[in-house]
>>> print(open('run_10.txt').read())   # compact mmCIF, C-alpha atoms and all ligand atoms
# COMPACT_ATOMS: atom_id res chain seq x y z
CA MET A 1387 -26.17 17.30 6.67
CA ILE A 1388 -29.27 16.16 8.49
CA ASN A 1389 -31.23 18.69 10.58
CA ASP A 1390 -28.39 21.17 10.01
CA LYS A 1391 -25.95 18.87 11.70
CA LYS A 1392 -23.01 16.96 10.31
CA VAL A 1393 -23.54 13.22 10.21
CA LEU A 1394 -21.58 10.80 12.33
CA PHE A 1395 -21.52 7.03 11.90
CA SER A 1396 -20.01 4.33 14.06
CA GLY A 1397 -20.69 0.76 14.97
CA MET A 1398 -19.74 -1.97 17.36
CA GLN A 1399 -19.98 -5.70 17.22
CA ALA A 1400 -22.01 -7.59 19.78
CA THR A 1401 -19.46 -10.36 20.08
CA GLY A 1402 -18.02 -10.94 23.53
CA ASN A 1403 -18.86 -8.99 26.63
CA LEU A 1404 -18.18 -5.29 26.44
CA THR A 1405 -15.28 -4.18 28.60
CA LEU A 1406 -14.38 -1.06 30.50
CA GLY A 1407 -11.95 -0.45 27.63
CA ASN A 1408 -14.82 -0.32 25.11
CA TYR A 1409 -16.65 2.07 27.38
CA LEU A 1410 -13.84 4.47 28.25
CA GLY A 1411 -12.22 4.24 24.82
CA ALA A 1412 -15.31 4.58 22.65
CA LEU A 1413 -18.81 4.55 24.08
CA LYS A 1414 -18.24 7.35 26.57
CA ASN A 1415 -17.12 9.63 23.75
CA TRP A 1416 -20.02 8.58 21.56
CA VAL A 1417 -22.30 10.05 24.18
CA THR A 1418 -20.59 13.43 24.14
CA LEU A 1419 -20.71 13.60 20.34
CA CYS A 1420 -24.51 13.40 20.28
CA ASP A 1421 -24.99 17.13 20.82
CA GLU A 1422 -22.87 18.20 17.92
CA TYR A 1423 -23.65 15.53 15.32
CA GLU A 1424 -26.57 13.66 13.86
CA CYS A 1425 -25.45 10.23 15.05
CA PHE A 1426 -26.00 6.78 13.63
CA TYR A 1427 -24.73 4.10 15.99
CA SER A 1428 -25.21 0.64 14.63
CA VAL A 1429 -25.02 -2.80 16.15
CA VAL A 1430 -23.11 -4.33 13.26
CA ASP A 1431 -24.49 -7.85 13.36
CA MET A 1432 -23.73 -8.41 9.68
CA HIS A 1433 -20.06 -7.97 10.42
CA SER A 1434 -20.29 -10.44 13.28
CA ILE A 1435 -21.18 -13.40 11.09
CA THR A 1436 -17.82 -13.21 9.31
CA VAL A 1437 -16.74 -15.49 12.12
CA ARG A 1438 -18.96 -18.34 13.28
CA GLN A 1439 -21.49 -17.33 15.95
CA ASP A 1440 -23.93 -19.20 18.08
CA PRO A 1441 -27.28 -17.83 16.82
CA ALA A 1442 -29.01 -17.49 20.18
CA THR A 1443 -26.00 -15.81 21.73
CA LEU A 1444 -25.62 -13.36 18.86
CA ARG A 1445 -29.29 -12.40 19.07
CA LYS A 1446 -29.12 -11.93 22.83
CA ARG A 1447 -25.91 -9.94 22.77
CA SER A 1448 -27.11 -7.70 19.96
CA ARG A 1449 -30.03 -6.61 22.07
CA GLU A 1450 -27.75 -6.23 25.10
CA LEU A 1451 -25.47 -3.96 23.12
CA LEU A 1452 -28.31 -1.80 21.94
CA MET A 1453 -29.48 -1.41 25.54
CA ILE A 1454 -25.95 -0.60 26.63
CA TYR A 1455 -25.79 2.20 24.06
CA ILE A 1456 -28.89 3.67 25.68
CA ALA A 1457 -27.77 2.95 29.24
CA ALA A 1458 -24.49 4.74 28.52
CA GLY A 1459 -26.48 7.87 27.82
CA ILE A 1460 -27.22 7.97 24.09
CA ASP A 1461 -30.77 9.22 23.58
CA PRO A 1462 -32.46 6.74 21.22
CA GLU A 1463 -35.16 9.23 20.28
CA LYS A 1464 -32.65 11.75 18.97
CA ASN A 1465 -29.96 9.42 17.67
CA CYS A 1466 -30.32 6.43 15.44
CA LEU A 1467 -29.47 3.24 17.32
CA TYR A 1468 -30.26 0.24 15.17
CA TYR A 1469 -29.30 -3.20 13.95
CA GLN A 1470 -27.35 -3.20 10.70
CA SER A 1471 -29.24 -6.30 9.53
CA HIS A 1472 -32.57 -4.46 9.78
CA VAL A 1473 -31.57 -2.08 7.02
CA PRO A 1474 -31.19 -3.87 3.68
CA GLY A 1475 -29.28 -0.97 2.17
CA HIS A 1476 -26.09 -2.08 3.90
CA ALA A 1477 -25.97 -5.34 1.99
CA GLU A 1478 -27.08 -3.71 -1.24
CA LEU A 1479 -24.48 -0.97 -1.18
CA ALA A 1480 -21.79 -3.40 -0.02
CA TRP A 1481 -22.36 -5.46 -3.16
CA ILE A 1482 -22.09 -2.43 -5.38
CA LEU A 1483 -18.94 -1.20 -3.63
CA ASN A 1484 -17.42 -4.67 -3.94
CA CYS A 1485 -17.34 -3.95 -7.64
CA PHE A 1486 -15.31 -0.80 -6.98
CA THR A 1487 -12.76 -2.36 -4.65
CA TYR A 1488 -9.64 -4.19 -5.75
CA MET A 1489 -8.48 -7.55 -4.46
CA GLY A 1490 -5.06 -5.98 -3.95
CA GLU A 1491 -6.51 -3.38 -1.61
CA LEU A 1492 -8.29 -5.97 0.49
CA ASN A 1493 -5.20 -8.16 0.53
CA ARG A 1494 -3.32 -5.40 2.28
CA MET A 1495 -5.74 -5.13 5.20
CA THR A 1496 -3.88 -6.10 8.34
CA GLN A 1497 -7.02 -7.03 10.24
CA PHE A 1498 -7.91 -9.56 7.54
CA LYS A 1499 -4.48 -11.12 7.83
CA ASP A 1500 -4.81 -11.31 11.62
CA LYS A 1501 -8.30 -12.75 11.53
CA ALA A 1502 -7.46 -15.21 8.78
CA ALA A 1503 -4.58 -16.47 10.91
CA LYS A 1504 -6.86 -16.75 13.93
CA HIS A 1505 -9.71 -18.48 12.08
CA ALA A 1506 -7.69 -20.58 9.65
CA ASP A 1507 -10.54 -23.08 9.27
CA ASN A 1508 -13.01 -20.42 8.10
CA ILE A 1509 -11.35 -17.87 5.84
CA ASN A 1510 -14.56 -16.96 4.08
CA ALA A 1511 -15.18 -14.34 1.41
CA GLY A 1512 -17.16 -12.23 3.88
CA LEU A 1513 -14.14 -11.92 6.12
CA PHE A 1514 -12.20 -10.72 3.09
CA THR A 1515 -14.76 -8.12 2.03
CA TYR A 1516 -15.56 -7.04 5.60
CA PRO A 1517 -13.98 -3.58 4.99
CA VAL A 1518 -16.29 -3.04 2.02
CA LEU A 1519 -19.35 -3.63 4.18
CA MET A 1520 -17.89 -1.14 6.62
CA ALA A 1521 -17.44 1.36 3.78
CA ALA A 1522 -21.08 0.80 2.84
CA ASP A 1523 -22.15 1.47 6.45
CA ILE A 1524 -20.42 4.82 6.45
CA LEU A 1525 -21.19 6.00 2.92
CA LEU A 1526 -24.83 4.99 3.09
CA TYR A 1527 -25.54 7.84 5.52
CA GLN A 1528 -23.18 10.33 3.89
CA ALA A 1529 -21.27 10.42 7.15
CA ASP A 1530 -18.91 13.34 7.64
CA VAL A 1531 -17.10 11.89 10.61
CA VAL A 1532 -16.37 8.44 11.95
CA PRO A 1533 -14.94 7.95 15.42
CA VAL A 1534 -12.74 4.89 15.15
CA GLY A 1535 -9.90 3.36 17.05
CA ILE A 1536 -6.47 3.01 15.52
CA ASP A 1537 -7.24 -0.61 14.56
CA GLN A 1538 -9.98 0.55 12.18
CA MET A 1539 -8.06 3.42 10.61
CA GLN A 1540 -6.92 1.37 7.64
CA HIS A 1541 -10.53 0.45 6.90
CA LEU A 1542 -11.54 4.08 7.04
CA GLU A 1543 -8.76 5.01 4.62
CA LEU A 1544 -10.05 2.35 2.26
CA THR A 1545 -13.56 3.76 2.62
CA ARG A 1546 -12.29 7.14 1.53
CA ASP A 1547 -10.45 5.61 -1.45
CA ILE A 1548 -13.55 3.74 -2.58
CA ALA A 1549 -15.73 6.84 -2.21
CA GLU A 1550 -13.29 8.98 -4.17
CA ARG A 1551 -13.01 6.38 -6.88
CA PHE A 1552 -16.78 6.23 -7.20
CA ASN A 1553 -17.14 10.01 -7.18
CA ASN A 1554 -14.48 10.35 -9.87
CA ILE A 1555 -16.56 8.21 -12.17
CA TYR A 1556 -20.10 9.35 -11.34
CA GLY A 1557 -19.80 12.81 -9.85
CA ASP A 1558 -20.27 13.78 -6.24
CA VAL A 1559 -22.35 10.95 -4.87
CA PHE A 1560 -20.62 10.23 -1.57
CA THR A 1561 -19.43 12.48 1.22
CA ILE A 1562 -15.80 11.70 1.94
CA PRO A 1563 -15.70 10.77 5.63
CA GLU A 1564 -13.04 11.95 8.06
CA ALA A 1565 -11.79 10.07 11.06
CA TYR A 1566 -12.99 11.77 14.19
CA VAL A 1567 -9.96 13.22 15.82
CA GLY A 1568 -11.11 15.12 18.84
CA LYS A 1569 -10.44 14.25 22.34
CA VAL A 1570 -9.42 10.65 21.86
CA GLY A 1571 -10.70 8.10 24.28
CA ALA A 1572 -8.49 6.54 26.85
CA LYS A 1573 -6.66 3.46 25.69
CA ILE A 1574 -7.16 0.90 28.42
CA MET A 1575 -4.79 -2.05 28.63
CA SER A 1576 -5.22 -5.57 29.98
CA LEU A 1577 -5.02 -5.79 33.76
CA GLN A 1578 -2.94 -8.93 33.47
CA ASP A 1579 -0.64 -7.91 30.63
CA PRO A 1580 -0.39 -4.13 30.23
CA SER A 1581 1.36 -4.50 26.87
CA LYS A 1582 -1.96 -5.70 25.36
CA LYS A 1583 -5.20 -3.78 24.87
CA MET A 1584 -8.04 -4.72 27.21
CA SER A 1585 -10.10 -6.94 24.95
CA LYS A 1586 -13.51 -8.57 25.08
CA SER A 1587 -11.96 -11.65 23.46
CA ASP A 1588 -9.24 -12.13 26.09
CA GLU A 1589 -9.47 -15.67 27.49
CA ASN A 1590 -8.34 -14.58 30.94
CA PRO A 1591 -11.39 -13.08 32.69
CA ASN A 1592 -9.12 -11.24 35.15
CA ALA A 1593 -7.57 -9.29 32.30
CA SER A 1594 -10.73 -7.30 31.60
CA ILE A 1595 -13.39 -5.53 33.59
CA TYR A 1596 -16.73 -6.21 31.94
CA LEU A 1597 -19.42 -3.56 31.95
CA MET A 1598 -21.76 -5.90 33.78
CA ASP A 1599 -19.27 -7.01 36.47
CA ASP A 1600 -20.60 -6.57 39.99
CA PRO A 1601 -18.71 -4.37 42.49
CA ASP A 1602 -16.99 -7.31 44.24
CA THR A 1603 -15.70 -8.67 40.97
CA ILE A 1604 -14.45 -5.25 39.92
CA MET A 1605 -12.61 -4.74 43.22
CA ARG A 1606 -11.09 -8.21 43.03
CA LYS A 1607 -9.87 -7.74 39.46
CA CYS A 1608 -8.33 -4.37 40.35
CA LYS A 1609 -6.56 -5.85 43.36
CA ARG A 1610 -5.11 -8.58 41.18
CA ALA A 1611 -3.93 -6.22 38.49
CA VAL A 1612 -0.32 -6.71 37.46
CA THR A 1613 2.00 -3.90 38.58
CA ASP A 1614 5.78 -3.99 39.14
CA SER A 1615 8.36 -4.00 41.91
CA GLU A 1616 9.19 -0.28 41.80
CA GLY A 1617 6.73 0.48 44.58
CA VAL A 1618 6.09 4.11 43.57
CA VAL A 1619 3.03 5.50 41.87
CA LEU A 1620 4.45 7.29 38.84
CA TYR A 1621 2.99 7.84 35.40
CA ARG A 1622 5.63 6.56 33.01
CA ASP A 1623 6.20 3.93 30.33
CA GLU A 1624 8.63 1.99 32.51
CA GLN A 1625 5.69 1.10 34.76
CA PRO A 1626 3.00 0.08 32.25
CA GLY A 1627 0.76 -1.67 34.78
CA VAL A 1628 0.69 1.30 37.14
CA LYS A 1629 0.31 3.68 34.21
CA ASN A 1630 -2.74 1.75 33.07
CA LEU A 1631 -4.27 1.91 36.54
CA ILE A 1632 -3.69 5.65 36.60
CA ASP A 1633 -5.31 5.95 33.16
CA ILE A 1634 -8.37 4.06 34.36
CA TYR A 1635 -8.63 6.12 37.53
CA SER A 1636 -8.10 9.30 35.59
CA ALA A 1637 -10.80 8.44 33.02
CA CYS A 1638 -13.28 7.43 35.72
CA SER A 1639 -12.64 10.31 38.12
CA GLY A 1640 -11.91 13.16 35.71
CA LYS A 1641 -8.59 13.83 37.44
CA THR A 1642 -5.49 14.24 35.31
CA PRO A 1643 -2.69 11.65 35.59
CA ASP A 1644 -0.54 14.31 37.30
CA GLU A 1645 -3.17 14.90 39.92
CA VAL A 1646 -3.43 11.17 40.52
CA VAL A 1647 0.33 10.88 40.95
CA ARG A 1648 0.25 13.69 43.50
CA GLU A 1649 -2.69 12.11 45.31
CA PHE A 1650 -0.72 8.88 45.72
CA ASP A 1651 2.60 10.42 46.62
CA GLY A 1652 4.10 8.22 49.32
CA ARG A 1653 1.25 5.71 49.14
CA GLY A 1654 1.40 2.15 47.88
CA TYR A 1655 -0.13 0.16 45.05
CA GLY A 1656 -2.71 -1.39 47.37
CA GLU A 1657 -4.31 1.97 48.00
CA LEU A 1658 -4.14 2.94 44.35
CA LYS A 1659 -5.90 -0.29 43.37
CA MET A 1660 -8.66 0.32 45.91
CA ALA A 1661 -9.23 3.80 44.56
CA VAL A 1662 -9.24 2.56 40.97
CA GLY A 1663 -11.75 -0.14 41.83
CA GLU A 1664 -14.04 2.28 43.61
CA SER A 1665 -13.94 4.79 40.78
CA VAL A 1666 -14.78 2.08 38.25
CA VAL A 1667 -17.68 0.88 40.39
CA SER A 1668 -19.05 4.40 40.64
CA VAL A 1669 -18.92 4.84 36.87
CA LEU A 1670 -20.44 1.47 36.00
CA LYS A 1671 -23.12 1.34 38.66
CA PRO A 1672 -25.48 3.91 37.11
CA LEU A 1673 -24.97 2.33 33.72
CA GLN A 1674 -25.84 -1.10 35.10
CA GLU A 1675 -28.90 0.26 36.85
CA ARG A 1676 -30.22 1.92 33.72
CA HIS A 1677 -29.50 -1.25 31.80
CA ALA A 1678 -31.51 -3.30 34.30
CA GLU A 1679 -34.43 -0.87 33.97
CA LEU A 1680 -34.34 -1.06 30.19
CA ALA A 1681 -34.14 -4.83 30.18
CA LYS A 1682 -37.48 -4.89 31.97
CA ASP A 1683 -39.17 -2.67 29.41
CA LYS A 1684 -39.47 -4.94 26.40
CA ALA A 1685 -42.10 -2.89 24.64
CA TYR A 1686 -40.05 0.28 24.82
CA ILE A 1687 -36.90 -1.33 23.44
CA ASP A 1688 -38.93 -3.03 20.71
CA ARG A 1689 -40.35 0.30 19.66
CA ILE A 1690 -36.89 1.90 19.61
CA ILE A 1691 -35.64 -0.95 17.43
CA LYS A 1692 -38.51 -0.59 15.00
CA ASP A 1693 -38.55 3.19 14.78
CA ASN A 1694 -34.83 3.52 14.35
CA ALA A 1695 -34.67 0.81 11.69
CA GLU A 1696 -37.26 2.84 9.78
CA LYS A 1697 -35.32 6.04 10.24
CA ALA A 1698 -32.07 4.43 9.08
CA THR A 1699 -33.85 2.84 6.12
CA TYR A 1700 -35.24 6.22 5.12
CA TYR A 1701 -31.84 7.91 5.04
CA SER A 1702 -30.05 4.95 3.51
CA ASN A 1703 -32.58 4.78 0.69
CA LYS A 1704 -31.83 8.34 -0.30
CA THR A 1705 -28.22 7.44 -0.98
CA LEU A 1706 -29.01 4.07 -2.41
CA SER A 1707 -31.48 5.25 -5.02
CA LYS A 1708 -29.00 7.85 -6.21
CA VAL A 1709 -26.27 5.22 -6.47
CA LYS A 1710 -28.51 2.82 -8.36
CA ARG A 1711 -29.41 5.45 -10.96
CA LYS A 1712 -25.78 6.43 -11.38
CA ILE A 1713 -24.53 2.92 -12.04
CA GLY A 1714 -27.30 2.14 -14.51
CA TYR A 1715 -29.69 -0.18 -12.69
CA PRO A 1716 -33.05 0.09 -14.49
CA ASP A 1717 -35.70 2.15 -12.70
CA LYS A 1718 -38.32 0.22 -10.77
CA ILE A 1719 -41.79 0.27 -12.26
CA ARG A 1720 -44.27 1.64 -9.74
N1 LIG A 1801 -15.35 -2.85 12.13
C1 LIG A 1801 -15.65 -2.10 13.31
C2 LIG A 1801 -15.03 -2.78 14.52
O1 LIG A 1801 -14.94 -3.98 14.57
C3 LIG A 1801 -17.13 -1.96 13.52
C4 LIG A 1801 -17.75 -1.20 12.40
C5 LIG A 1801 -18.51 -1.72 11.41
C6 LIG A 1801 -17.63 0.18 12.18
N2 LIG A 1801 -18.89 -0.73 10.56
C7 LIG A 1801 -18.38 0.44 11.00
C8 LIG A 1801 -16.98 1.23 12.84
C9 LIG A 1801 -18.45 1.71 10.48
C10 LIG A 1801 -17.07 2.50 12.30
C11 LIG A 1801 -17.79 2.74 11.13
O2 LIG A 1801 -14.67 -2.09 15.45
>>> encode(input="run_10.txt", output="structure tokens")
Amino acid sequence: MINDKKVLFSGMQATGNLTLGNYLGALKNWVTLCDEYECFYSVVDMHSITVRQDPATLRKRSRELLMIYIAAGIDPEKNCLYYQSHVPGHAELAWILNCFTYMGELNRMTQFKDKAAKHADNINAGLFTYPVLMAADILLYQADVVPVGIDQMQHLELTRDIAERFNNIYGDVFTIPEAYVGKVGAKIMSLQDPSKKMSKSDENPNASIYLMDDPDTIMRKCKRAVTDSEGVVLYRDEQPGVKNLIDIYSACSGKTPDEVVREFDGRGYGELKMAVGESVVSVLKPLQERHAELAKDKAYIDRIIKDNAEKATYYSNKTLSKVKRKIGYPDKIR
């Protein structure tokens, strides 16, 4: 507990351009969780270097992402928005937890297998121990809840196993985190292939709406979205493209899928696509405007970065010094 609130931790990588899927599926919910929880939202740049990055691009995108967190509505004075690499405790605890994690456990991680296949020329040890760094992120702040997508659930399970293992040996050091299962975010699919998730790493730019796309681009991408030859606006699995459009419209307008179906009774896909595009524009426009404002205020963002790194370091050190004592590191001489 911090300030009588339960602690929440989550993070995102600044690789690729954030999509509408990232916003509707995660970020939008992060904002609503701020009232109830003491939130730590990290830009996990240490995770990003498990695959090769262009340094200038990584630096630029990390700052972008931090500004997007704020532009989306997370108050950086009340919540801790910070760069993972600015808080040394992440690396320190990750090393310790590496010694409490089995090769066999890491070998079972499906994301490692996927990424190793995708980056066959760079299967580095960091990629392998990526889930341990993620466990360190979470346990460092004694997080009670972690909002994660289904693709990160296996990593969260591992985090719980590591924490329990550690606690069994040393007593109650770590809070055992729960996945946040509240109102789950909308799962937004690719506009070009509705069997795939909308992804920031999709090579086809028409498949994803990026948070910084201008209105014309958004409208064009919506018009080009893949549908089907049924010709009726119904919300069902047999029409995945249309279903996805309804999901997007529903998430952006607050209407339920049923209401959307009724609204488009007897109307065609063209009209649906227009409405989807307009609703997306109206959601992203204020975010883009706030982002543009923030981008101009270098001093303010710099201060947020500094203050929050200090705040995160303060809380992480509490856990870390306890852990170090427990495992038998000698006390520092002061
Ligand atoms: N691995 C997560 C992802 O790629 C990002 C992440 C890093 C994270 N550390 C975390 C998410 C801790 C939740 C909690 O999506």
>>> residues_around(input="run_10.txt", residues="Lys1583 (chain A)", least_positions_apart="5", cutoff="12 Å", atoms="only C-alpha atoms", output="ChimeraX atom specification")
/A:1405-1408,1411,1535-1537,1572-1578,1588,1593-1594,1626-1627,1630
>>> closest_residue(input="run_10.txt", among="A:Ile1454, A:Ala1522, A:Val1473, A:Ile1435", to="ligand LIG 1801 (chain A)", atoms="all atoms listed in the file")
A:Ala1522
>>> closest_atom_pairs(input="run_10.txt", of="chain A", to="ligand LIG 1801 (chain A)", cutoff="6 Å", atoms="only C-alpha atoms and all ligand atoms", output="CSV")
residue,atom,partner,partner_atom,distance
A:Phe1395,CA,A:LIG1801,C11,5.7
A:Ser1396,CA,A:LIG1801,C10,3.9
A:Gly1397,CA,A:LIG1801,C6,4.2
A:Met1398,CA,A:LIG1801,C3,4.6
A:Gln1399,CA,A:LIG1801,O1,5.9
A:Val1430,CA,A:LIG1801,C5,5.6
A:Met1520,CA,A:LIG1801,N2,4.1
A:Asp1523,CA,A:LIG1801,C9,5.5
A:Ile1524,CA,A:LIG1801,C9,5.5
A:Val1532,CA,A:LIG1801,C11,5.9
A:Val1534,CA,A:LIG1801,C10,5.7
>>> residues_around(input="run_10.txt", residues="Tyr1468 (chain A)", least_positions_apart="4", cutoff="7 Å", atoms="all atoms listed in the file", output="VMD selection string")
chain A and resid 1427 to 1429 1691 1694 to 1695
>>> atom_distance(input="run_10.txt", atom1="CA of Ala1458 (chain A)", atom2="CA of Leu1597 (chain A)")
10.3 Å
>>> closest_residue(input="run_10.txt", among="A:Asn1553, A:Pro1462, A:Ile1482, A:Tyr1455", to="Ala1412 (chain A)", atoms="only C-alpha atoms")
A:Tyr1455
>>> atom_distance(input="run_10.txt", atom1="CA of Val1667 (chain A)", atom2="CA of Cys1608 (chain A)")
10.7 Å
>>> atom_distance(input="run_10.txt", atom1="CA of Glu1424 (chain A)", atom2="CA of Ala1529 (chain A)")
9.1 Å
>>> residues_around(input="run_10.txt", residues="Ile1456 (chain A)", least_positions_apart="2", cutoff="12 Å", atoms="all atoms listed in the file", output="MDAnalysis selection string")
chainID A and resid 1413:1414 1416:1417 1420 1427 1449:1454 1458:1468 1672:1681 1686:1687 1690:1691
>>> closest_residue(input="run_10.txt", among="A:Lys1659, A:His1472, A:Arg1622, A:Lys1712", to="Ser1448 (chain A)", atoms="all atoms listed in the file")
A:His1472
>>> residues_around(input="run_10.txt", residues="Val1559 (chain A)", least_positions_apart="5", cutoff="10 Å", atoms="only C-alpha atoms", output="list of chain:residue names")
A:Leu1525, A:Gln1528, A:Ala1549, A:Glu1550, A:Phe1552, A:Asn1553, A:Asn1554, A:Thr1705, A:Leu1706, A:Lys1708, A:Val1709, A:Lys1712
>>> closest_residue(input="run_10.txt", among="A:Tyr1621, A:Phe1426, A:Tyr1596, A:Tyr1701", to="Met1584 (chain A)", atoms="only C-alpha atoms")
A:Tyr1596
>>> residues_around(input="run_10.txt", residues="Pro1517 (chain A)", least_positions_apart="4", cutoff="9 Å", atoms="only C-alpha atoms", output="PDB file with C-alpha atoms, keeping the file's coordinate frame")
ATOM      1  CA  LEU A1492      -8.290  -5.970   0.490  1.00  0.00           C
ATOM      2  CA  MET A1495      -5.740  -5.130   5.200  1.00  0.00           C
ATOM      3  CA  PHE A1498      -7.910  -9.560   7.540  1.00  0.00           C
ATOM      4  CA  LEU A1513     -14.140 -11.920   6.120  1.00  0.00           C
ATOM      5  CA  ALA A1521     -17.440   1.360   3.780  1.00  0.00           C
ATOM      6  CA  ALA A1522     -21.080   0.800   2.840  1.00  0.00           C
ATOM      7  CA  HIS A1541     -10.530   0.450   6.900  1.00  0.00           C
ATOM      8  CA  LEU A1542     -11.540   4.080   7.040  1.00  0.00           C
ATOM      9  CA  LEU A1544     -10.050   2.350   2.260  1.00  0.00           C
ATOM     10  CA  THR A1545     -13.560   3.760   2.620  1.00  0.00           C
TER      11      THR A1545
END
>>> closest_residue(input="run_10.txt", among="A:Ala1661, A:Ile1548, A:Ile1388, A:Leu1404", to="Ile1595 (chain A)", atoms="only C-alpha atoms")
A:Leu1404
>>> closest_residue(input="run_10.txt", among="A:Arg1546, A:Arg1606, A:Arg1648, A:Lys1692", to="Val1666 (chain A)", atoms="all atoms listed in the file")
A:Arg1606
>>> decode(input="run_10.txt", residues="region 1401-1415 of chain A", atoms="N, CA and C atoms", output="tab-separated table (two decimals), in the first residue's frame")
chain	number	residue	atom	x	y	z
A	1401	THR	N	8.81	0.86	-28.74
A	1401	THR	CA	9.26	0.41	-30.06
A	1401	THR	C	8.08	0.43	-31.01
A	1402	GLY	N	8.24	1.03	-32.14
A	1402	GLY	CA	7.14	1.14	-33.10
A	1402	GLY	C	6.22	2.27	-32.71
A	1403	ASN	N	5.35	2.64	-33.60
A	1403	ASN	CA	4.39	3.70	-33.32
A	1403	ASN	C	3.17	3.12	-32.64
A	1404	LEU	N	2.75	3.76	-31.56
A	1404	LEU	CA	1.58	3.25	-30.85
A	1404	LEU	C	0.34	3.28	-31.75
A	1405	THR	N	-0.47	2.25	-31.61
A	1405	THR	CA	-1.67	2.16	-32.45
A	1405	THR	C	-2.93	2.41	-31.63
A	1406	LEU	N	-4.02	2.55	-32.38
A	1406	LEU	CA	-5.32	2.67	-31.75
A	1406	LEU	C	-5.59	1.45	-30.86
A	1407	GLY	N	-5.07	0.30	-31.27
A	1407	GLY	CA	-5.21	-0.91	-30.47
A	1407	GLY	C	-4.55	-0.77	-29.11
A	1408	ASN	N	-3.35	-0.21	-29.07
A	1408	ASN	CA	-2.66	0.03	-27.79
A	1408	ASN	C	-3.47	0.98	-26.92
A	1409	TYR	N	-4.07	1.98	-27.57
A	1409	TYR	CA	-4.84	2.96	-26.82
A	1409	TYR	C	-6.13	2.37	-26.26
A	1410	LEU	N	-6.93	1.79	-27.14
A	1410	LEU	CA	-8.23	1.28	-26.69
A	1410	LEU	C	-8.08	0.03	-25.82
A	1411	GLY	N	-7.04	-0.75	-26.10
A	1411	GLY	CA	-6.86	-2.00	-25.36
A	1411	GLY	C	-6.17	-1.82	-24.03
A	1412	ALA	N	-5.34	-0.79	-23.90
A	1412	ALA	CA	-4.57	-0.66	-22.66
A	1412	ALA	C	-4.61	0.75	-22.08
A	1413	LEU	N	-4.03	1.67	-22.80
A	1413	LEU	CA	-3.82	3.02	-22.27
A	1413	LEU	C	-5.08	3.68	-21.72
A	1414	LYS	N	-6.18	3.52	-22.45
A	1414	LYS	CA	-7.43	4.13	-22.03
A	1414	LYS	C	-7.86	3.60	-20.66
A	1415	ASN	N	-7.64	2.32	-20.44
A	1415	ASN	CA	-7.97	1.75	-19.12
A	1415	ASN	C	-7.00	2.19	-18.04
